[in-house]
Amino acid sequence: MYNVACVKWGDKFSPEYVNRLFYGVRRNATVPFKFHCFTENMTGIDVDIQIHPLTHPKIPGWWQKLFLFSGELEFKQGRMLFIDLDTLIVGNIDKYITHSTGFAALQDFWRKGDNVGSAVMNFEIGKHQYLWDNFKDDYERHIRLYHPHGDQKWIQNYQTERQYWQQMYPNEVVSFKSHCRAGVP
């Protein structure tokens, strides 16, 4: 069984974003998976989605993603495919779910070079706990220092061994803002 996860914190995204992402994964995956949502508010989320509480509610927004690297998760083994709530899945994603080596992430669409985009990541659960541990104890300072780039810049600086989806699967993961103005490729 594979793990697919999202994080919903605050009110920027409604529960419908969680449900639509889950339905998109379910429609476009043929491998067995559990869908996890880490949130402080489970209201309106589909009953087939496994809910996990965010135990550090003062940490704002996208920074909550770093909790997925903590040793505090209920499940301690396996791999996880993380997907941002504003992601639209339009084709089979089995190879993203079953990716089995290393740390895979997006290459940032806006900044050139070796820059991480954290909207779609695959990693071994428990292996990258330092990403959370180094962040949580002084999170307010780190948030100020890494503004406006956020969690992806943090991940980029501390998780240096990575693979990029766009290099493994060219033209499959695209940004709506930069690639889809004339339609979905």
# chains A, B, ... in the order shown; residues from 1 in each chain; ligands from 1
$ select_by_dssp --residues "range 7-185 of chain A" --states "helix (DSSP H, G or I)" --output "CSV table (one decimal) with C-alpha atoms, in the first residue's frame"
chain,number,residue,atom,x,y,z
A,15,PRO,CA,-12.3,21.0,2.2
A,16,GLU,CA,-13.4,20.7,-1.5
A,17,TYR,CA,-9.8,21.1,-2.6
A,18,VAL,CA,-8.9,18.1,-0.4
A,19,ASN,CA,-11.8,16.1,-1.8
A,20,ARG,CA,-11.1,17.0,-5.4
A,21,LEU,CA,-7.4,16.1,-5.1
A,22,PHE,CA,-8.3,12.8,-3.6
A,23,TYR,CA,-10.8,12.1,-6.4
A,24,GLY,CA,-8.2,13.1,-9.0
A,25,VAL,CA,-5.7,10.7,-7.5
A,26,ARG,CA,-8.3,7.9,-7.2
A,27,ARG,CA,-9.3,8.5,-10.9
A,61,GLY,CA,0.5,28.0,5.9
A,62,TRP,CA,2.8,26.0,3.6
A,63,TRP,CA,5.4,25.6,6.4
A,64,GLN,CA,3.1,22.9,7.8
A,65,LYS,CA,4.4,20.6,4.9
A,66,LEU,CA,7.6,20.2,6.9
A,67,PHE,CA,5.7,18.3,9.5
A,68,LEU,CA,5.5,15.4,7.0
A,69,PHE,CA,9.2,14.9,7.7
A,94,ASP,CA,1.3,5.5,-10.8
A,95,LYS,CA,5.0,6.2,-11.4
A,96,TYR,CA,4.9,9.2,-9.0
A,97,ILE,CA,3.1,7.2,-6.3
A,129,GLN,CA,13.4,14.0,9.9
A,130,TYR,CA,16.2,16.7,10.2
A,131,LEU,CA,14.1,18.9,7.9
A,132,TRP,CA,11.5,19.2,10.6
A,133,ASP,CA,13.8,19.0,13.6
A,134,ASN,CA,16.0,21.9,12.4
A,135,PHE,CA,13.0,24.0,11.7
A,136,LYS,CA,10.5,23.5,14.5
A,139,TYR,CA,10.3,28.3,13.3
A,140,GLU,CA,9.5,32.0,13.7
A,141,ARG,CA,13.1,33.0,12.9
A,142,HIS,CA,13.4,30.5,10.0
A,143,ILE,CA,10.1,31.8,8.5
A,144,ARG,CA,11.4,35.4,8.6
A,145,LEU,CA,14.8,34.3,7.1
A,150,GLY,CA,9.1,29.5,2.2
A,151,ASP,CA,9.4,25.8,2.7
A,152,GLN,CA,10.8,25.0,-0.7
A,153,LYS,CA,13.9,27.1,-0.1
A,154,TRP,CA,14.3,25.4,3.3
A,155,ILE,CA,14.1,22.0,1.7
A,156,GLN,CA,16.5,23.1,-1.0
A,157,ASN,CA,19.1,24.2,1.5
A,158,TYR,CA,18.8,21.1,3.8
A,165,TRP,CA,10.3,15.2,-11.7
A,166,GLN,CA,10.8,17.3,-14.8
A,167,GLN,CA,14.1,15.6,-15.6
A,168,MET,CA,12.7,12.1,-15.0
A,176,PHE,CA,-0.7,26.2,-15.1
A,177,LYS,CA,0.6,29.7,-14.7
A,178,SER,CA,3.5,29.2,-17.0
A,179,HIS,CA,2.7,26.3,-19.3
$ residues_around --residues "Val173 in chain A" --least-positions-apart "2" --cutoff "12 Å" --atoms "only C-alpha atoms" --output "ChimeraX atom specification"
/A:83,87-93,96,105-109,117,119-121,164-171,175-176,178-180,184-185
$ write_last_selection --atoms "N, CA and C atoms" --output "mmCIF file, in the first residue's frame"
data_model
loop_
_atom_site.group_PDB
_atom_site.id
_atom_site.type_symbol
_atom_site.label_atom_id
_atom_site.label_comp_id
_atom_site.auth_asym_id
_atom_site.auth_seq_id
_atom_site.Cartn_x
_atom_site.Cartn_y
_atom_site.Cartn_z
ATOM 1 N N ILE A 83 1.260 16.006 -2.388
ATOM 2 C CA ILE A 83 0.746 16.832 -3.482
ATOM 3 C C ILE A 83 0.056 18.051 -2.885
ATOM 4 N N THR A 87 -3.202 21.380 -7.002
ATOM 5 C CA THR A 87 -2.688 20.570 -8.106
ATOM 6 C C THR A 87 -3.833 19.862 -8.798
ATOM 7 N N LEU A 88 -3.815 19.887 -10.108
ATOM 8 C CA LEU A 88 -4.817 19.200 -10.922
ATOM 9 C C LEU A 88 -4.141 18.013 -11.599
ATOM 10 N N ILE A 89 -4.707 16.842 -11.408
ATOM 11 C CA ILE A 89 -4.146 15.624 -11.992
ATOM 12 C C ILE A 89 -4.962 15.262 -13.218
ATOM 13 N N VAL A 90 -4.276 15.131 -14.365
ATOM 14 C CA VAL A 90 -5.002 14.901 -15.621
ATOM 15 C C VAL A 90 -4.584 13.608 -16.323
ATOM 16 N N GLY A 91 -3.727 12.817 -15.685
ATOM 17 C CA GLY A 91 -3.295 11.558 -16.288
ATOM 18 C C GLY A 91 -2.806 10.601 -15.218
ATOM 19 N N ASN A 92 -2.468 9.402 -15.642
ATOM 20 C CA ASN A 92 -2.037 8.367 -14.714
ATOM 21 C C ASN A 92 -0.817 8.822 -13.909
ATOM 22 N N ILE A 93 -0.868 8.607 -12.587
ATOM 23 C CA ILE A 93 0.233 9.037 -11.713
ATOM 24 C C ILE A 93 0.880 7.870 -10.986
ATOM 25 N N TYR A 96 4.553 8.201 -10.082
ATOM 26 C CA TYR A 96 4.850 9.191 -9.045
ATOM 27 C C TYR A 96 4.564 8.597 -7.661
ATOM 28 N N ALA A 105 11.350 15.799 -6.160
ATOM 29 C CA ALA A 105 10.573 17.028 -6.011
ATOM 30 C C ALA A 105 10.486 17.722 -7.365
ATOM 31 N N LEU A 106 9.700 18.756 -7.406
ATOM 32 C CA LEU A 106 9.661 19.589 -8.598
ATOM 33 C C LEU A 106 10.905 20.454 -8.658
ATOM 34 N N GLN A 107 11.296 20.791 -9.854
ATOM 35 C CA GLN A 107 12.274 21.848 -10.035
ATOM 36 C C GLN A 107 11.448 23.117 -10.165
ATOM 37 N N ASP A 108 11.769 24.119 -9.378
ATOM 38 C CA ASP A 108 10.973 25.341 -9.349
ATOM 39 C C ASP A 108 10.740 25.862 -10.770
ATOM 40 N N PHE A 109 9.489 26.161 -11.087
ATOM 41 C CA PHE A 109 9.131 26.620 -12.432
ATOM 42 C C PHE A 109 9.566 28.056 -12.706
ATOM 43 N N GLY A 117 10.888 22.988 -5.974
ATOM 44 C CA GLY A 117 9.480 23.309 -5.869
ATOM 45 C C GLY A 117 8.843 22.191 -5.053
ATOM 46 N N ALA A 119 5.652 21.405 -4.378
ATOM 47 C CA ALA A 119 4.244 21.077 -4.604
ATOM 48 C C ALA A 119 3.992 19.594 -4.852
ATOM 49 N N VAL A 120 4.986 18.868 -5.348
ATOM 50 C CA VAL A 120 4.863 17.423 -5.571
ATOM 51 C C VAL A 120 6.197 16.798 -5.159
ATOM 52 N N MET A 121 6.158 16.036 -4.063
ATOM 53 C CA MET A 121 7.386 15.417 -3.553
ATOM 54 C C MET A 121 7.129 13.950 -3.235
ATOM 55 N N TYR A 164 14.632 15.548 -9.784
ATOM 56 C CA TYR A 164 13.543 16.427 -10.207
ATOM 57 C C TYR A 164 12.606 15.686 -11.150
ATOM 58 N N TRP A 165 11.313 15.820 -10.879
ATOM 59 C CA TRP A 165 10.296 15.172 -11.714
ATOM 60 C C TRP A 165 10.452 15.563 -13.178
ATOM 61 N N GLN A 166 10.710 16.840 -13.443
ATOM 62 C CA GLN A 166 10.778 17.291 -14.834
ATOM 63 C C GLN A 166 11.932 16.662 -15.591
ATOM 64 N N GLN A 167 12.990 16.275 -14.891
ATOM 65 C CA GLN A 167 14.099 15.597 -15.556
ATOM 66 C C GLN A 167 13.790 14.119 -15.770
ATOM 67 N N MET A 168 13.073 13.518 -14.827
ATOM 68 C CA MET A 168 12.713 12.102 -14.967
ATOM 69 C C MET A 168 11.593 11.917 -15.985
ATOM 70 N N TYR A 169 10.630 12.831 -15.972
ATOM 71 C CA TYR A 169 9.447 12.711 -16.831
ATOM 72 C C TYR A 169 9.161 14.058 -17.491
ATOM 73 N N PRO A 170 9.944 14.404 -18.519
ATOM 74 C CA PRO A 170 9.793 15.710 -19.172
ATOM 75 C C PRO A 170 8.371 15.950 -19.675
ATOM 76 N N ASN A 171 7.923 17.180 -19.504
ATOM 77 C CA ASN A 171 6.636 17.661 -20.001
ATOM 78 C C ASN A 171 5.419 16.995 -19.355
ATOM 79 N N SER A 175 3.294 23.787 -14.835
ATOM 80 C CA SER A 175 2.644 24.844 -14.071
ATOM 81 C C SER A 175 1.536 25.458 -14.916
ATOM 82 N N PHE A 176 0.363 25.552 -14.330
ATOM 83 C CA PHE A 176 -0.740 26.174 -15.054
ATOM 84 C C PHE A 176 -0.379 27.610 -15.432
ATOM 85 N N SER A 178 2.509 29.008 -15.967
ATOM 86 C CA SER A 178 3.544 29.240 -16.970
ATOM 87 C C SER A 178 3.458 28.364 -18.204
ATOM 88 N N HIS A 179 2.718 27.252 -18.167
ATOM 89 C CA HIS A 179 2.689 26.349 -19.321
ATOM 90 C C HIS A 179 1.316 26.150 -19.950
ATOM 91 N N CYS A 180 0.248 26.545 -19.291
ATOM 92 C CA CYS A 180 -1.085 26.136 -19.741
ATOM 93 C C CYS A 180 -1.982 27.297 -20.174
ATOM 94 N N VAL A 184 -4.249 22.807 -21.422
ATOM 95 C CA VAL A 184 -3.445 21.766 -20.772
ATOM 96 C C VAL A 184 -2.691 20.995 -21.842
ATOM 97 N N PRO A 185 -1.359 20.834 -21.694
ATOM 98 C CA PRO A 185 -0.594 20.107 -22.713
ATOM 99 C C PRO A 185 -1.038 18.654 -22.840
#
$ select_by_dssp --residues "chain A" --states "strand (DSSP E or B)" --output "PyMOL selection string"
chain A and resi 2-8+33-39+50-53+79-83+104-107+116-124+163-164
$ write_last_selection --atoms "N, CA and C atoms" --output "JSON list (two decimals), in the first residue's frame"
[["chain", "number", "residue", "atom", "x", "y", "z"],
["A", 2, "TYR", "N", 0.57, 2.19, -0.84],
["A", 2, "TYR", "CA", 1.33, 3.42, -0.97],
["A", 2, "TYR", "C", 0.61, 4.55, -0.22],
["A", 3, "ASN", "N", 1.34, 5.61, 0.10],
["A", 3, "ASN", "CA", 0.79, 6.75, 0.81],
["A", 3, "ASN", "C", 0.82, 7.98, -0.07],
["A", 4, "VAL", "N", -0.32, 8.65, -0.16],
["A", 4, "VAL", "CA", -0.43, 9.93, -0.85],
["A", 4, "VAL", "C", -0.96, 10.90, 0.19],
["A", 5, "ALA", "N", -0.39, 12.10, 0.25],
["A", 5, "ALA", "CA", -0.78, 13.02, 1.31],
["A", 5, "ALA", "C", -0.91, 14.45, 0.82],
["A", 6, "CYS", "N", -1.70, 15.21, 1.56],
["A", 6, "CYS", "CA", -1.81, 16.65, 1.36],
["A", 6, "CYS", "C", -1.86, 17.30, 2.74],
["A", 7, "VAL", "N", -1.69, 18.61, 2.75],
["A", 7, "VAL", "CA", -1.80, 19.39, 3.98],
["A", 7, "VAL", "C", -2.81, 20.50, 3.74],
["A", 8, "LYS", "N", -3.77, 20.60, 4.66],
["A", 8, "LYS", "CA", -4.75, 21.69, 4.62],
["A", 8, "LYS", "C", -4.67, 22.41, 5.95],
["A", 33, "PHE", "N", -3.50, 2.70, -2.72],
["A", 33, "PHE", "CA", -2.92, 3.78, -1.92],
["A", 33, "PHE", "C", -3.88, 4.18, -0.80],
["A", 34, "LYS", "N", -3.30, 4.76, 0.23],
["A", 34, "LYS", "CA", -4.07, 5.42, 1.29],
["A", 34, "LYS", "C", -3.87, 6.91, 1.09],
["A", 35, "PHE", "N", -4.95, 7.65, 1.17],
["A", 35, "PHE", "CA", -4.88, 9.10, 1.01],
["A", 35, "PHE", "C", -4.97, 9.73, 2.39],
["A", 36, "HIS", "N", -3.98, 10.55, 2.73],
["A", 36, "HIS", "CA", -3.88, 11.17, 4.04],
["A", 36, "HIS", "C", -4.02, 12.68, 3.90],
["A", 37, "CYS", "N", -4.76, 13.28, 4.81],
["A", 37, "CYS", "CA", -4.82, 14.73, 4.89],
["A", 37, "CYS", "C", -4.40, 15.15, 6.29],
["A", 38, "PHE", "N", -3.40, 16.01, 6.36],
["A", 38, "PHE", "CA", -2.94, 16.57, 7.62],
["A", 38, "PHE", "C", -3.60, 17.94, 7.75],
["A", 39, "THR", "N", -4.40, 18.10, 8.80],
["A", 39, "THR", "CA", -5.19, 19.33, 8.94],
["A", 39, "THR", "C", -5.55, 19.58, 10.39],
["A", 50, "GLN", "N", -7.95, 9.52, 5.16],
["A", 50, "GLN", "CA", -7.44, 9.35, 6.51],
["A", 50, "GLN", "C", -6.94, 10.70, 7.03],
["A", 51, "ILE", "N", -7.55, 11.16, 8.13],
["A", 51, "ILE", "CA", -7.23, 12.48, 8.69],
["A", 51, "ILE", "C", -6.19, 12.34, 9.80],
["A", 52, "HIS", "N", -5.22, 13.26, 9.78],
["A", 52, "HIS", "CA", -4.20, 13.32, 10.82],
["A", 52, "HIS", "C", -4.14, 14.75, 11.33],
["A", 53, "PRO", "N", -4.12, 14.94, 12.64],
["A", 53, "PRO", "CA", -4.06, 16.31, 13.17],
["A", 53, "PRO", "C", -2.69, 16.94, 12.98],
["A", 79, "ARG", "N", 6.84, 4.97, 1.77],
["A", 79, "ARG", "CA", 7.12, 6.19, 1.05],
["A", 79, "ARG", "C", 5.86, 7.02, 0.99],
["A", 80, "MET", "N", 6.05, 8.30, 0.73],
["A", 80, "MET", "CA", 4.91, 9.20, 0.65],
["A", 80, "MET", "C", 5.04, 10.07, -0.59],
["A", 81, "LEU", "N", 3.94, 10.18, -1.31],
["A", 81, "LEU", "CA", 3.83, 11.18, -2.37],
["A", 81, "LEU", "C", 3.02, 12.32, -1.79],
["A", 82, "PHE", "N", 3.62, 13.48, -1.68],
["A", 82, "PHE", "CA", 2.92, 14.67, -1.22],
["A", 82, "PHE", "C", 2.50, 15.48, -2.44],
["A", 83, "ILE", "N", 1.26, 16.01, -2.39],
["A", 83, "ILE", "CA", 0.75, 16.83, -3.48],
["A", 83, "ILE", "C", 0.06, 18.05, -2.89],
["A", 104, "ALA", "N", 12.41, 12.95, -4.39],
["A", 104, "ALA", "CA", 12.01, 13.54, -5.67],
["A", 104, "ALA", "C", 11.12, 14.75, -5.41],
["A", 105, "ALA", "N", 11.35, 15.80, -6.16],
["A", 105, "ALA", "CA", 10.57, 17.03, -6.01],
["A", 105, "ALA", "C", 10.49, 17.72, -7.37],
["A", 106, "LEU", "N", 9.70, 18.76, -7.41],
["A", 106, "LEU", "CA", 9.66, 19.59, -8.60],
["A", 106, "LEU", "C", 10.91, 20.45, -8.66],
["A", 107, "GLN", "N", 11.30, 20.79, -9.85],
["A", 107, "GLN", "CA", 12.27, 21.85, -10.03],
["A", 107, "GLN", "C", 11.45, 23.12, -10.16],
["A", 116, "VAL", "N", 14.29, 23.97, -5.69],
["A", 116, "VAL", "CA", 13.21, 23.03, -5.38],
["A", 116, "VAL", "C", 11.86, 23.71, -5.44],
["A", 117, "GLY", "N", 10.89, 22.99, -5.97],
["A", 117, "GLY", "CA", 9.48, 23.31, -5.87],
["A", 117, "GLY", "C", 8.84, 22.19, -5.05],
["A", 118, "SER", "N", 8.17, 22.53, -3.98],
["A", 118, "SER", "CA", 7.70, 21.50, -3.05],
["A", 118, "SER", "C", 6.26, 21.05, -3.27],
["A", 119, "ALA", "N", 5.65, 21.40, -4.38],
["A", 119, "ALA", "CA", 4.24, 21.08, -4.60],
["A", 119, "ALA", "C", 3.99, 19.59, -4.85],
["A", 120, "VAL", "N", 4.99, 18.87, -5.35],
["A", 120, "VAL", "CA", 4.86, 17.42, -5.57],
["A", 120, "VAL", "C", 6.20, 16.80, -5.16],
["A", 121, "MET", "N", 6.16, 16.04, -4.06],
["A", 121, "MET", "CA", 7.39, 15.42, -3.55],
["A", 121, "MET", "C", 7.13, 13.95, -3.23],
["A", 122, "ASN", "N", 8.16, 13.13, -3.37],
["A", 122, "ASN", "CA", 8.11, 11.72, -2.99],
["A", 122, "ASN", "C", 9.35, 11.43, -2.16],
["A", 123, "PHE", "N", 9.16, 10.80, -0.99],
["A", 123, "PHE", "CA", 10.29, 10.55, -0.11],
["A", 123, "PHE", "C", 9.97, 9.38, 0.82],
["A", 124, "GLU", "N", 11.03, 8.85, 1.40],
["A", 124, "GLU", "CA", 10.88, 7.77, 2.37],
["A", 124, "GLU", "C", 10.50, 8.37, 3.72],
["A", 163, "GLN", "N", 16.14, 14.40, -6.78],
["A", 163, "GLN", "CA", 15.85, 14.20, -8.19],
["A", 163, "GLN", "C", 14.69, 15.14, -8.54],
["A", 164, "TYR", "N", 14.63, 15.55, -9.78],
["A", 164, "TYR", "CA", 13.54, 16.43, -10.21],
["A", 164, "TYR", "C", 12.61, 15.69, -11.15]]
$ atom_distance --atom1 "CA of Gly183 in chain A" --atom2 "CA of His149 in chain A"
27.5 Å
$ closest_residue --among "A:Pro148, A:Pro60, A:Gly10, A:Gly126" --to "Glu74 in chain A" --atoms "only C-alpha atoms"
A:Gly126
$ atom_distance --atom1 "CA of Trp110 in chain A" --atom2 "CA of Lys127 in chain A"
28.1 Å
$ atom_distance --atom1 "CA of Lys76 in chain A" --atom2 "CA of Phe13 in chain A"
27.4 Å
